[in-house]
$ cat coords_20.cif   # mmCIF, C-alpha atoms
data_entry
loop_
_atom_site.label_atom_id
_atom_site.label_comp_id
_atom_site.auth_asym_id
_atom_site.auth_seq_id
_atom_site.Cartn_x
_atom_site.Cartn_y
_atom_site.Cartn_z
CA MET Y 30 118.08 89.51 108.45
CA PHE Y 31 114.44 88.84 107.81
CA ARG Y 32 111.97 86.10 108.53
CA GLU Y 33 108.80 85.71 106.56
CA ASP Y 34 105.48 86.12 108.36
CA LYS Y 35 103.91 82.67 108.40
CA CYS Y 36 100.43 83.74 109.41
CA GLU Y 37 98.13 85.90 107.32
CA ASP Y 38 94.78 86.21 109.08
CA CYS Y 39 95.89 84.47 112.30
CA THR Y 40 92.29 83.58 113.18
CA ASN Y 41 93.33 80.53 115.20
CA GLN Y 42 96.73 81.77 116.29
CA SER Y 43 97.99 83.70 119.29
CA ASP Y 44 96.58 87.22 119.60
CA ILE Y 45 100.09 88.67 119.33
CA ARG Y 46 100.07 87.97 115.59
CA LEU Y 47 98.52 90.07 112.86
CA LYS Y 48 94.80 89.93 112.17
CA LYS Y 49 93.64 91.97 109.19
CA LEU Y 50 90.42 93.80 109.95
CA GLY Y 51 89.78 95.52 106.61
CA LEU Y 52 86.57 97.52 107.02
CA ASP Y 53 85.88 96.29 110.56
CA MET Y 54 86.88 99.50 112.35
CA ALA Y 55 83.99 100.20 114.71
CA SER Y 56 86.56 101.05 117.38
CA TRP Y 57 90.31 101.21 117.73
CA ASP Y 58 92.99 101.72 120.35
CA TYR Y 59 95.59 103.49 118.23
CA VAL Y 60 95.71 105.56 115.04
CA VAL Y 61 98.65 105.09 112.69
CA ALA Y 62 99.36 107.56 109.88
CA LEU Y 63 101.07 106.00 106.86
CA ALA Y 64 103.36 108.51 105.13
CA GLY Y 65 106.00 108.42 102.42
CA ASN Y 66 107.17 109.52 99.01
CA PRO Y 67 105.30 108.25 95.94
CA ASN Y 68 106.45 104.86 94.61
CA THR Y 69 107.96 103.59 97.86
CA GLY Y 70 105.62 100.62 98.22
CA LYS Y 71 103.46 102.44 100.77
CA SER Y 72 100.27 100.90 99.37
CA THR Y 73 101.83 97.45 99.57
CA VAL Y 74 102.55 97.97 103.28
CA PHE Y 75 98.99 99.24 103.77
CA ASN Y 76 97.45 96.22 102.03
CA HIS Y 77 99.67 93.76 103.87
CA LEU Y 78 98.60 95.11 107.25
CA THR Y 79 94.90 95.72 106.61
CA GLY Y 80 93.92 93.38 103.78
CA LEU Y 81 92.51 94.26 100.39
CA ARG Y 82 89.19 95.52 101.78
CA GLN Y 83 89.44 99.13 102.92
CA HIS Y 84 87.28 102.19 103.40
CA THR Y 85 87.81 104.81 100.70
CA GLY Y 86 86.47 108.31 100.29
CA ASN Y 87 87.76 111.86 100.00
CA TRP Y 88 89.46 114.07 102.52
CA PRO Y 89 87.08 116.75 103.87
CA GLY Y 90 86.71 119.56 101.35
CA LYS Y 91 89.19 117.94 98.94
CA THR Y 92 89.05 115.78 95.84
CA VAL Y 93 92.00 113.69 97.03
CA SER Y 94 91.07 110.10 97.88
CA ARG Y 95 91.47 108.82 101.43
CA ALA Y 96 91.96 105.16 102.36
CA GLU Y 97 91.60 103.65 105.82
CA GLY Y 98 91.90 100.12 107.08
CA GLY Y 99 92.42 98.28 110.33
CA TYR Y 100 94.35 95.46 111.91
CA SER Y 101 94.62 93.81 115.30
CA TYR Y 102 97.94 92.98 116.93
CA GLY Y 103 98.81 92.06 120.48
CA GLY Y 104 95.20 92.36 121.58
CA LYS Y 105 94.90 95.98 120.38
CA LYS Y 106 93.18 97.44 117.33
CA TYR Y 107 94.98 99.84 115.03
CA LYS Y 108 93.38 102.20 112.52
CA LEU Y 109 95.70 102.83 109.59
CA VAL Y 110 95.21 106.05 107.59
CA ASP Y 111 97.03 106.14 104.25
CA LEU Y 112 98.22 109.70 103.61
CA PRO Y 113 98.82 110.99 100.07
CA GLY Y 114 102.29 110.22 98.78
CA THR Y 115 104.36 113.40 98.92
CA TYR Y 116 107.97 114.56 98.80
CA SER Y 117 107.51 117.39 101.29
CA LEU Y 118 105.26 118.84 103.99
CA LEU Y 119 105.73 122.47 102.99
CA SER Y 120 102.13 122.72 101.76
CA ALA Y 121 102.98 123.61 98.17
CA SER Y 122 100.26 121.22 96.96
CA THR Y 123 96.97 119.80 98.21
CA ASP Y 124 98.60 116.41 98.91
CA GLU Y 125 101.30 118.05 101.03
CA GLU Y 126 98.70 120.11 102.89
CA ILE Y 127 96.62 117.01 103.71
CA ALA Y 128 99.60 114.98 104.92
CA ARG Y 129 100.96 117.87 106.97
CA ASN Y 130 97.62 118.68 108.61
CA PHE Y 131 96.87 115.09 109.58
CA ILE Y 132 100.26 114.48 111.19
CA LEU Y 133 100.17 117.82 113.02
CA PHE Y 134 96.50 118.24 113.93
CA GLY Y 135 95.20 114.67 113.68
CA LYS Y 136 97.77 113.68 116.33
CA PRO Y 137 98.21 110.03 115.26
CA ASP Y 138 99.68 107.74 117.89
CA VAL Y 139 102.36 106.67 115.42
CA THR Y 140 103.46 107.99 112.03
CA LEU Y 141 104.77 105.08 109.96
CA ILE Y 142 107.12 106.45 107.28
CA VAL Y 143 107.74 104.18 104.29
CA ALA Y 144 110.98 104.92 102.44
CA ASP Y 145 112.56 103.39 99.35
CA ALA Y 146 115.81 101.88 100.65
CA SER Y 147 117.36 102.11 97.18
CA ARG Y 148 116.77 105.89 97.12
CA LEU Y 149 117.19 106.63 100.79
CA GLU Y 150 118.88 110.04 100.53
CA ARG Y 151 115.95 111.51 98.59
CA ASN Y 152 113.43 109.93 100.97
CA LEU Y 153 115.09 111.28 104.11
CA ASN Y 154 113.98 114.83 103.27
CA LEU Y 155 110.37 113.95 104.09
CA THR Y 156 111.44 111.87 107.09
CA LEU Y 157 113.28 114.80 108.68
CA GLN Y 158 110.32 117.11 108.07
CA ILE Y 159 107.98 114.64 109.77
CA LEU Y 160 110.33 114.41 112.75
CA GLU Y 161 110.02 118.18 113.13
CA ILE Y 162 106.30 117.67 113.74
CA THR Y 163 105.97 114.47 115.75
CA ASP Y 164 108.00 112.58 118.34
CA ARG Y 165 106.32 109.24 117.59
CA ALA Y 166 107.48 107.74 114.32
CA VAL Y 167 108.80 104.54 112.77
CA LEU Y 168 110.82 104.36 109.56
CA CYS Y 169 110.18 101.35 107.32
CA LEU Y 170 113.07 100.81 104.90
CA ASN Y 171 111.02 99.13 102.19
CA LEU Y 172 112.44 97.58 98.99
CA ILE Y 173 115.56 96.56 100.88
CA ASP Y 174 116.01 93.75 98.33
CA GLU Y 175 116.22 96.34 95.53
CA ALA Y 176 118.83 98.25 97.48
CA LYS Y 177 120.95 95.12 97.89
CA ARG Y 178 120.58 94.36 94.19
CA HIS Y 179 122.13 97.75 93.47
CA GLY Y 180 124.95 97.14 95.92
CA ILE Y 181 123.52 99.46 98.57
CA LEU Y 182 124.01 98.31 102.17
CA ILE Y 183 122.27 100.27 104.94
CA ASP Y 184 123.25 100.11 108.59
CA ASP Y 185 119.72 100.32 109.97
CA ARG Y 186 120.93 100.36 113.58
CA GLN Y 187 123.19 103.36 112.99
CA LEU Y 188 120.44 105.10 111.02
CA SER Y 189 118.04 104.52 113.92
CA LYS Y 190 120.58 106.03 116.29
CA GLU Y 191 121.07 109.06 114.02
CA LEU Y 192 117.33 109.68 113.54
CA GLY Y 193 116.27 108.81 117.09
CA ILE Y 194 113.43 106.55 115.93
CA PRO Y 195 113.12 102.81 115.18
CA VAL Y 196 114.17 101.74 111.67
CA VAL Y 197 112.88 98.46 110.23
CA PRO Y 198 114.25 97.00 106.96
CA ALA Y 199 111.54 95.26 104.92
CA THR Y 200 110.35 93.96 101.59
CA ALA Y 201 106.60 94.36 101.93
CA ARG Y 202 105.65 92.62 98.68
CA TYR Y 203 107.10 89.38 100.07
CA GLY Y 204 106.00 90.00 103.65
CA LEU Y 205 109.58 90.22 104.86
CA GLY Y 206 110.15 92.36 107.92
CA MET Y 207 106.43 92.90 108.48
CA GLN Y 208 106.29 91.05 111.79
CA LYS Y 209 109.12 93.19 113.13
CA LEU Y 210 107.34 96.29 111.81
CA LEU Y 211 104.14 95.37 113.64
CA GLN Y 212 106.04 94.82 116.86
CA THR Y 213 107.88 98.13 116.50
CA VAL Y 214 104.72 100.14 115.80
CA ARG Y 215 103.17 98.58 118.91
CA GLU Y 216 106.19 99.54 121.02
CA VAL Y 217 106.03 103.17 119.90
CA ALA Y 218 102.22 103.36 120.23
CA THR Y 219 102.29 102.02 123.79
CA GLY Y 220 105.28 104.12 124.83
CA GLU Y 221 107.46 101.06 125.37
CA PHE Y 222 109.91 102.63 122.93
CA GLN Y 223 110.57 106.31 123.62
CA CYS Y 224 111.51 108.12 120.41
CA LYS Y 225 114.03 110.94 120.59
CA PRO Y 226 113.87 112.21 117.01
CA ARG Y 227 116.60 114.27 115.48
CA LYS Y 228 115.62 117.89 114.96
CA ILE Y 229 117.07 120.04 112.22
CA LYS Y 230 119.47 122.41 113.94
CA THR Y 231 118.99 126.08 113.22
CA ILE Y 232 122.29 127.76 112.43
CA SER Y 233 121.03 131.33 112.08
CA PRO Y 234 121.25 133.34 115.33
CA PHE Y 235 118.69 135.77 113.90
CA LEU Y 236 116.22 132.93 113.30
CA ASN Y 237 116.87 131.48 116.75
CA ARG Y 238 116.09 134.84 118.36
CA ALA Y 239 112.88 135.13 116.33
CA LEU Y 240 111.80 131.63 117.37
CA LYS Y 241 112.44 132.31 121.05
CA LYS Y 242 110.12 135.33 120.88
CA LEU Y 243 107.43 133.73 118.73
CA ILE Y 244 107.09 130.27 120.31
CA PRO Y 245 105.83 131.49 123.74
CA VAL Y 246 103.25 133.70 122.00
CA ILE Y 247 101.91 130.72 120.02
CA GLN Y 248 101.82 128.51 123.12
CA ALA Y 249 99.93 131.17 125.06
CA GLN Y 250 97.38 131.75 122.30
CA PHE Y 251 96.91 128.06 121.48
CA PRO Y 252 97.45 126.01 124.67
CA GLY Y 253 98.27 122.37 124.02
CA ILE Y 254 99.36 122.93 120.40
CA SER Y 255 101.42 119.94 119.25
CA ASN Y 256 104.52 121.70 117.96
CA ALA Y 257 104.77 125.43 118.49
CA ARG Y 258 108.31 125.53 117.07
CA TRP Y 259 107.17 124.05 113.78
CA ILE Y 260 104.23 126.49 113.63
CA ALA Y 261 106.63 129.36 114.30
CA LEU Y 262 108.89 128.27 111.45
CA ARG Y 263 105.91 128.12 109.08
CA LEU Y 264 104.82 131.61 110.14
CA LEU Y 265 108.29 132.99 109.53
CA GLU Y 266 108.31 131.35 106.10
CA GLY Y 267 104.92 132.89 105.29
CA ASP Y 268 102.92 129.66 105.01
CA ARG Y 269 99.56 131.06 103.86
CA GLU Y 270 97.33 128.45 105.50
CA VAL Y 271 99.12 128.55 108.84
CA VAL Y 272 99.11 132.36 108.86
CA GLU Y 273 95.36 132.42 108.18
CA ALA Y 274 94.68 129.75 110.83
CA VAL Y 275 96.56 131.80 113.44
CA GLU Y 276 94.84 135.04 112.45
CA ASN Y 277 91.32 133.58 112.64
CA GLY Y 278 91.98 131.40 115.68
CA THR Y 279 91.36 128.05 113.98
CA LEU Y 280 94.87 126.66 114.36
CA GLY Y 281 94.61 123.10 115.63
CA THR Y 282 90.97 122.76 114.63
CA LEU Y 283 91.50 122.25 110.88
CA GLU Y 284 89.15 119.56 109.59
CA ILE Y 285 90.89 116.23 108.98
#

$ encode --input "coords_20.cif" --output "structure tokens"
Amino acid sequence: MFREDKCEDCTNQSDIRLKKLGLDMASWDYVVALAGNPNTGKSTVFNHLTGLRQHTGNWPGKTVSRAEGGYSYGGKKYKLVDLPGTYSLLSASTDEEIARNFILFGKPDVTLIVADASRLERNLNLTLQILEITDRAVLCLNLIDEAKRHGILIDDRQLSKELGIPVVPATARYGLGMQKLLQTVREVATGEFQCKPRKIKTISPFLNRALKKLIPVIQAQFPGISNARWIALRLLEGDREVVEAVENGTLGTLEI
């Protein structure tokens, strides 16, 4: 199912292979947001792709640390932004607010979601929320070896079909599945793979009617907004930050 990546820095290899750039991020072609629940091996994926050297600091106006790194693959440079590990994007905490704002307003070219394959049901909650925000995502089923050890078998092809995005099984700590992950991220970033993510279906007619009235108003007031439907849902739920951003006209310009 897997094959181990044989090349680490790939300095003398074909340009299609991975080259870890670490802090060398003077310019890039694509931005990749790295999202996931805590304890899914997200940091292991980040380190495998970028190397141990990375730029660290804090998110603007926050005390939460921010890590960035870079890698080159297929002749293109990718900037990888490691978002805080979170179980939700409902902005109940600072970590959730940061992750939500970057995916929505930072407009990354790809959102790479790292999930624990041995606890997939719990991890899919965040995945489905992310797919409400962005149409460009890849799901990395990390710790697939742990899942197998517990007798859990995942049909990644069927899961990909159900979610409408690529799904890549992997064991990042051993480098397994990483080459396929790199290739898949490239395909989504370049548009070679067109994601058709599953959206949570609204079953309430009352809510549907409210959305139909509210979405055009948001689109008219904020032309080019990434996901007016998602903004409308947050307004109807009374999301304090989104309500304030709409009222003062700063929606879409939140500092990231």

$ closest_residue --input "coords_20.cif" --among "Y:Gly86, Y:Lys91, Y:Pro67, Y:Cys169" --to "Arg151 (chain Y)" --atoms "all atoms listed in the file"
Y:Pro67

$ atom_distance --input "coords_20.cif" --atom1 "CA of Met207 (chain Y)" --atom2 "CA of Asp145 (chain Y)"
15.2 Å

$ resolve_selection --input "coords_20.cif" --expression "the PyMOL selection byres ((chain Y and resi 183) around 12)" --output "list in words"
Asp145, Ala146, Ser147, Arg148, Leu149, Glu150, Leu170, Asn171, Leu172, Ile173, Asp174, Glu175, Ala176, Lys177, His179, Gly180, Ile181, Leu182, Asp184, Asp185, Arg186, Gln187, Leu188, Ser189, Val196, Val197, Pro198 and Ala199 of chain Y

$ closest_residue --input "coords_20.cif" --among "Y:Gly80, Y:Gly114, Y:Pro226, Y:Pro234" --to "Asn68 (chain Y)" --atoms "all atoms listed in the file"
Y:Gly114

$ atom_distance --input "coords_20.cif" --atom1 "CA of Leu265 (chain Y)" --atom2 "CA of Ile142 (chain Y)"
26.7 Å

$ atom_distance --input "coords_20.cif" --atom1 "CA of Ala218 (chain Y)" --atom2 "CA of Leu119 (chain Y)"
26.0 Å

$ closest_residue --input "coords_20.cif" --among "Y:Asn154, Y:Asn130, Y:Ser101, Y:Thr213" --to "Leu192 (chain Y)" --atoms "only C-alpha atoms"
Y:Asn154

$ residues_around --input "coords_20.cif" --residues "Ile162 (chain Y)" --least-positions-apart "2" --cutoff "8 Å" --atoms "all atoms listed in the file" --output "mmCIF file with C-alpha atoms, keeping the file's coordinate frame"
data_model
loop_
_atom_site.group_PDB
_atom_site.id
_atom_site.type_symbol
_atom_site.label_atom_id
_atom_site.label_comp_id
_atom_site.auth_asym_id
_atom_site.auth_seq_id
_atom_site.Cartn_x
_atom_site.Cartn_y
_atom_site.Cartn_z
ATOM 1 C CA ILE Y 132 100.260 114.480 111.190
ATOM 2 C CA LEU Y 133 100.170 117.820 113.020
ATOM 3 C CA GLN Y 158 110.320 117.110 108.070
ATOM 4 C CA ILE Y 159 107.980 114.640 109.770
ATOM 5 C CA LEU Y 160 110.330 114.410 112.750
ATOM 6 C CA ASP Y 164 108.000 112.580 118.340
ATOM 7 C CA SER Y 255 101.420 119.940 119.250
ATOM 8 C CA ASN Y 256 104.520 121.700 117.960
ATOM 9 C CA TRP Y 259 107.170 124.050 113.780
#

$ residues_around --input "coords_20.cif" --residues "Gln250 (chain Y)" --least-positions-apart "6" --cutoff "12 Å" --atoms "all atoms listed in the file" --output "VMD selection string"
chain Y and resid 243 to 244 257 274 to 281

$ resolve_selection --input "coords_20.cif" --expression "the PyMOL selection byres ((chain Y and resi 95) around 7)" --output "PDB file with C-alpha atoms, keeping the file's coordinate frame"
ATOM      1  CA  THR Y  85      87.810 104.810 100.700  1.00  0.00           C
ATOM      2  CA  GLY Y  86      86.470 108.310 100.290  1.00  0.00           C
ATOM      3  CA  ASN Y  87      87.760 111.860 100.000  1.00  0.00           C
ATOM      4  CA  TRP Y  88      89.460 114.070 102.520  1.00  0.00           C
ATOM      5  CA  VAL Y  93      92.000 113.690  97.030  1.00  0.00           C
ATOM      6  CA  SER Y  94      91.070 110.100  97.880  1.00  0.00           C
ATOM      7  CA  ALA Y  96      91.960 105.160 102.360  1.00  0.00           C
ATOM      8  CA  GLU Y  97      91.600 103.650 105.820  1.00  0.00           C
ATOM      9  CA  ASP Y 111      97.030 106.140 104.250  1.00  0.00           C
TER      10      ASP Y 111
END

$ residues_near_point --input "coords_20.cif" --point "(98.5, 97.4, 113.9)" --cutoff "12 Å" --atoms "all atoms listed in the file" --output "MDAnalysis selection string"
chainID Y and resid 44:51 54 57:63 74:80 98:110 138:141 207:219

$ closest_residue --input "coords_20.cif" --among "Y:Arg165, Y:Arg269, Y:Lys225, Y:Arg238" --to "Lys136 (chain Y)" --atoms "all atoms listed in the file"
Y:Arg165
